[in-house]
Amino acid sequence: MPAKTALVTGASSGIGEATARKLHELGYTVYGAARRTDRLQKLADSGIRPLAMDVTDDDSMRAGIEKITAETGRIDVLVNNAGYGSYGALEDVPLDEARYQFEVNVFGAIRLTQLVLPRMRAQRSGTVVNVTSMGGKIYTPLGGWYHGTKFALEALSDCLRLEAKPFGIDVVVIEPGGIATEWGSIAADKLEKSSTDGAYAAQAAAVATSLRSEANANRNSPPSVIADAIGKAVTTRRPKTRYATGFGARPLITLRRVLPDRVFDTAISRAVGMPR
């Protein structure tokens, strides 16, 4: 049997890098994808194949999938990890930025999935792993566009799981909690760019401080906990439909499920230091 093949997007750092390494350790032929291949050199040095891919560019995605199938003849695992957090008041965020957030976090993942499904159907096997977030189950102030993408990817994953099941294809959702990556600082930068001035300035200052909080950063889990969950999901015969892991993920998702909306509103607002 040839080695199974995996594609991991957003592999240049954080969760994507850790996942590419984990799957390589498990014996997969791994393609690590990112827009800039120079950021993939460390992975290439470890035997992981670098792949230039922009998940907002259809030609780029098509070329990447064609390269993988030409070289290995198969694709067994797709990890849709590429994404970022765009924070800002719904009133303030330009719609071009909102659309781009959906292009990266949602449409890029689903388009890549469309491209790999014919190969997986022909094999009668495969696993699509969509990295959402605990933010696909809970919400935070000034994070509407980001949470919108993650809620959407959760729903799309559920529908895809039903559609793909007859062809032997598993669909797994990974819901990270707080993870030690660049995500928080990027989200804070986006927030300050959109909502530093105007009606939401005080809220923006509080949420940006929370996103950059050293105390929160010290509690965050390493990316390896997500990589381990993905490794477990793709190697078990019957994976769970969802894996919530990383700092705060399970307790916060549980709180959202059991608390009334207004109570959760108050709890999450206090947690991020929202002004009253």
# chains A, B, ... in the order shown; residues from 1 in each chain; ligands from 1
>>> select_by_dssp(residues="region 41-270 of chain A", states="helix (DSSP H, G or I)", output="PyMOL selection string")
chain A and resi 41-45+58-72+95-123+134-136+144-167+183-195+201-211+214-219+224-235+249-258+261-270
>>> residues_around(residues="region 226-230 of chain A", least_positions_apart="2", cutoff="9 Å", atoms="only C-alpha atoms", output="ChimeraX atom specification")
/A:15-23,79,129,172,174-176,179,221-224,232-235,243-246
>>> residues_around(residues="region 45-59 of chain A", least_positions_apart="2", cutoff="7 Å", atoms="only C-alpha atoms", output="list in words")
His24, Val30, Tyr31, Gly32, Ala33, Ala34, Arg35, Arg36, Thr37, Leu40, Gln41, Lys42, Leu43, Met61, Arg62, Ala63, Gly64, Glu103, Val104 and Gly108 of chain A
>>> closest_residue(among="A:Thr72, A:Ser269, A:Thr181, A:Thr5", to="Val207 (chain A)", atoms="only C-alpha atoms")
A:Ser269
>>> select_by_dssp(residues="region 26-233 of chain A", states="strand (DSSP E)", output="list of chain:residue names")
A:Thr29, A:Val30, A:Tyr31, A:Gly32, A:Ala33, A:Ala34, A:Arg49, A:Pro50, A:Leu51, A:Ala52, A:Val77, A:Leu78, A:Val79, A:Asn80, A:Gly126, A:Thr127, A:Val128, A:Val129, A:Asn130, A:Val131, A:Ile169, A:Asp170, A:Val171, A:Val172, A:Val173, A:Ile174, A:Glu175, A:Pro176
>>> closest_residue(among="A:Leu112, A:Ala44, A:Leu117, A:Ala70", to="Lys165 (chain A)", atoms="only C-alpha atoms")
A:Leu117
>>> atom_distance(atom1="CA of Ile186 (chain A)", atom2="CA of Ile110 (chain A)")
23.3 Å
>>> residues_around(residues="Arg212 (chain A)", least_positions_apart="2", cutoff="12 Å", atoms="only C-alpha atoms", output="count of residues only")
26
>>> atom_distance(atom1="CA of Asp170 (chain A)", atom2="CA of Gly144 (chain A)")
29.2 Å
>>> atom_distance(atom1="CA of Leu255 (chain A)", atom2="CA of Lys137 (chain A)")
10.3 Å
>>> residues_around(residues="Asn105 (chain A)", least_positions_apart="3", cutoff="9 Å", atoms="only C-alpha atoms", output="list in words")
Val55, Asn80, Asn81, Ala82, Gly83, Tyr84, Gly85, Tyr100, Gln101, Phe102, Gly108, Ala109, Thr132, Tyr146, Thr149, Lys150 and Leu153 of chain A
>>> write_last_selection(atoms="all heavy atoms", output="compact mmCIF listing (two decimals), in the first residue's frame")
# COMPACT_ATOMS: atom_id res chain seq x y z
N VAL A 55 -5.95 30.24 -0.77
CA VAL A 55 -7.30 29.67 -0.73
C VAL A 55 -8.36 30.65 -1.20
O VAL A 55 -9.55 30.31 -1.20
CB VAL A 55 -7.66 29.16 0.69
CG1 VAL A 55 -6.72 28.04 1.11
CG2 VAL A 55 -7.66 30.29 1.71
N ASN A 80 -8.59 21.61 6.43
CA ASN A 80 -8.88 23.02 6.12
C ASN A 80 -8.62 23.86 7.37
O ASN A 80 -9.49 24.04 8.22
CB ASN A 80 -10.34 23.16 5.68
CG ASN A 80 -10.57 22.70 4.26
OD1 ASN A 80 -9.84 23.07 3.36
ND2 ASN A 80 -11.59 21.87 4.07
N ASN A 81 -7.39 24.34 7.46
CA ASN A 81 -6.97 25.10 8.63
C ASN A 81 -6.75 26.58 8.34
O ASN A 81 -6.80 27.39 9.26
CB ASN A 81 -5.67 24.48 9.18
CG ASN A 81 -5.02 25.36 10.22
OD1 ASN A 81 -5.52 25.54 11.32
ND2 ASN A 81 -3.88 25.97 9.86
N ALA A 82 -6.50 26.95 7.09
CA ALA A 82 -6.22 28.35 6.78
C ALA A 82 -7.36 29.25 7.25
O ALA A 82 -8.53 28.95 7.02
CB ALA A 82 -6.01 28.52 5.27
N GLY A 83 -7.01 30.34 7.89
CA GLY A 83 -8.02 31.26 8.37
C GLY A 83 -7.40 32.33 9.25
O GLY A 83 -6.24 32.24 9.64
N TYR A 84 -8.19 33.35 9.55
CA TYR A 84 -7.72 34.42 10.44
C TYR A 84 -8.93 35.04 11.11
O TYR A 84 -10.08 34.77 10.75
CB TYR A 84 -6.91 35.46 9.67
CG TYR A 84 -7.73 36.38 8.78
CD1 TYR A 84 -8.00 37.69 9.17
CD2 TYR A 84 -8.24 35.94 7.56
CE1 TYR A 84 -8.76 38.53 8.36
CE2 TYR A 84 -8.99 36.77 6.75
CZ TYR A 84 -9.26 38.07 7.16
OH TYR A 84 -10.01 38.91 6.36
N GLY A 85 -8.67 35.89 12.11
CA GLY A 85 -9.76 36.55 12.83
C GLY A 85 -9.83 38.01 12.48
O GLY A 85 -8.87 38.75 12.69
N TYR A 100 -13.90 39.25 2.49
CA TYR A 100 -12.61 38.56 2.45
C TYR A 100 -12.50 37.56 3.60
O TYR A 100 -11.94 36.47 3.44
CB TYR A 100 -11.46 39.56 2.51
CG TYR A 100 -10.11 38.92 2.27
CD1 TYR A 100 -9.76 38.44 1.01
CD2 TYR A 100 -9.20 38.78 3.31
CE1 TYR A 100 -8.53 37.82 0.79
CE2 TYR A 100 -7.97 38.18 3.10
CZ TYR A 100 -7.64 37.70 1.84
OH TYR A 100 -6.42 37.09 1.64
N GLN A 101 -13.04 37.94 4.78
CA GLN A 101 -13.04 37.02 5.90
C GLN A 101 -13.79 35.73 5.54
O GLN A 101 -13.34 34.63 5.83
CB GLN A 101 -13.71 37.69 7.11
CG GLN A 101 -13.92 36.82 8.32
CD GLN A 101 -12.71 36.72 9.24
OE1 GLN A 101 -12.87 36.62 10.44
NE2 GLN A 101 -11.50 36.75 8.72
N PHE A 102 -14.92 35.86 4.86
CA PHE A 102 -15.66 34.68 4.43
C PHE A 102 -14.92 33.94 3.31
O PHE A 102 -14.95 32.70 3.25
CB PHE A 102 -17.07 35.06 3.98
CG PHE A 102 -18.08 35.04 5.11
CD1 PHE A 102 -18.19 36.11 5.98
CD2 PHE A 102 -18.88 33.93 5.30
CE1 PHE A 102 -19.10 36.08 7.03
CE2 PHE A 102 -19.79 33.89 6.34
CZ PHE A 102 -19.90 34.97 7.22
N GLY A 108 -12.91 29.34 0.82
CA GLY A 108 -11.67 28.64 0.49
C GLY A 108 -11.71 27.19 0.94
O GLY A 108 -11.32 26.27 0.21
N ALA A 109 -12.20 26.97 2.16
CA ALA A 109 -12.28 25.60 2.69
C ALA A 109 -13.25 24.75 1.88
O ALA A 109 -12.95 23.59 1.54
CB ALA A 109 -12.72 25.65 4.16
N THR A 132 -12.68 24.73 12.85
CA THR A 132 -13.54 25.88 13.12
C THR A 132 -12.99 26.59 14.35
O THR A 132 -11.91 27.17 14.30
CB THR A 132 -15.01 25.44 13.29
OG1 THR A 132 -15.15 24.59 14.42
CG2 THR A 132 -15.50 24.74 12.04
N TYR A 146 -16.09 37.33 12.24
CA TYR A 146 -15.31 36.11 12.49
C TYR A 146 -16.21 34.96 12.92
O TYR A 146 -16.15 33.86 12.36
CB TYR A 146 -14.24 36.38 13.55
CG TYR A 146 -13.56 35.12 14.02
CD1 TYR A 146 -12.65 34.46 13.21
CD2 TYR A 146 -13.85 34.57 15.28
CE1 TYR A 146 -12.03 33.29 13.63
CE2 TYR A 146 -13.25 33.40 15.70
CZ TYR A 146 -12.34 32.77 14.88
OH TYR A 146 -11.73 31.60 15.29
N THR A 149 -18.24 33.37 10.20
CA THR A 149 -17.55 32.39 9.35
C THR A 149 -17.46 31.04 10.03
O THR A 149 -17.62 29.99 9.38
CB THR A 149 -16.12 32.85 8.98
OG1 THR A 149 -15.29 32.91 10.15
CG2 THR A 149 -16.13 34.20 8.28
N LYS A 150 -17.24 31.04 11.32
CA LYS A 150 -17.07 29.76 12.02
C LYS A 150 -18.40 29.05 12.24
O LYS A 150 -18.49 27.82 12.13
CB LYS A 150 -16.34 29.98 13.35
CG LYS A 150 -14.91 30.49 13.18
CD LYS A 150 -14.08 29.55 12.29
CE LYS A 150 -12.63 29.99 12.17
NZ LYS A 150 -11.85 29.07 11.31
N LEU A 153 -19.13 27.50 8.85
CA LEU A 153 -18.34 26.31 8.54
C LEU A 153 -18.81 25.11 9.36
O LEU A 153 -18.76 23.96 8.88
CB LEU A 153 -16.85 26.58 8.79
CG LEU A 153 -15.87 25.54 8.26
CD1 LEU A 153 -16.08 25.29 6.76
CD2 LEU A 153 -14.43 25.98 8.53
>>> closest_residue(among="A:Leu78, A:Ala98, A:Leu115, A:Leu90", to="Val128 (chain A)", atoms="only C-alpha atoms")
A:Leu78
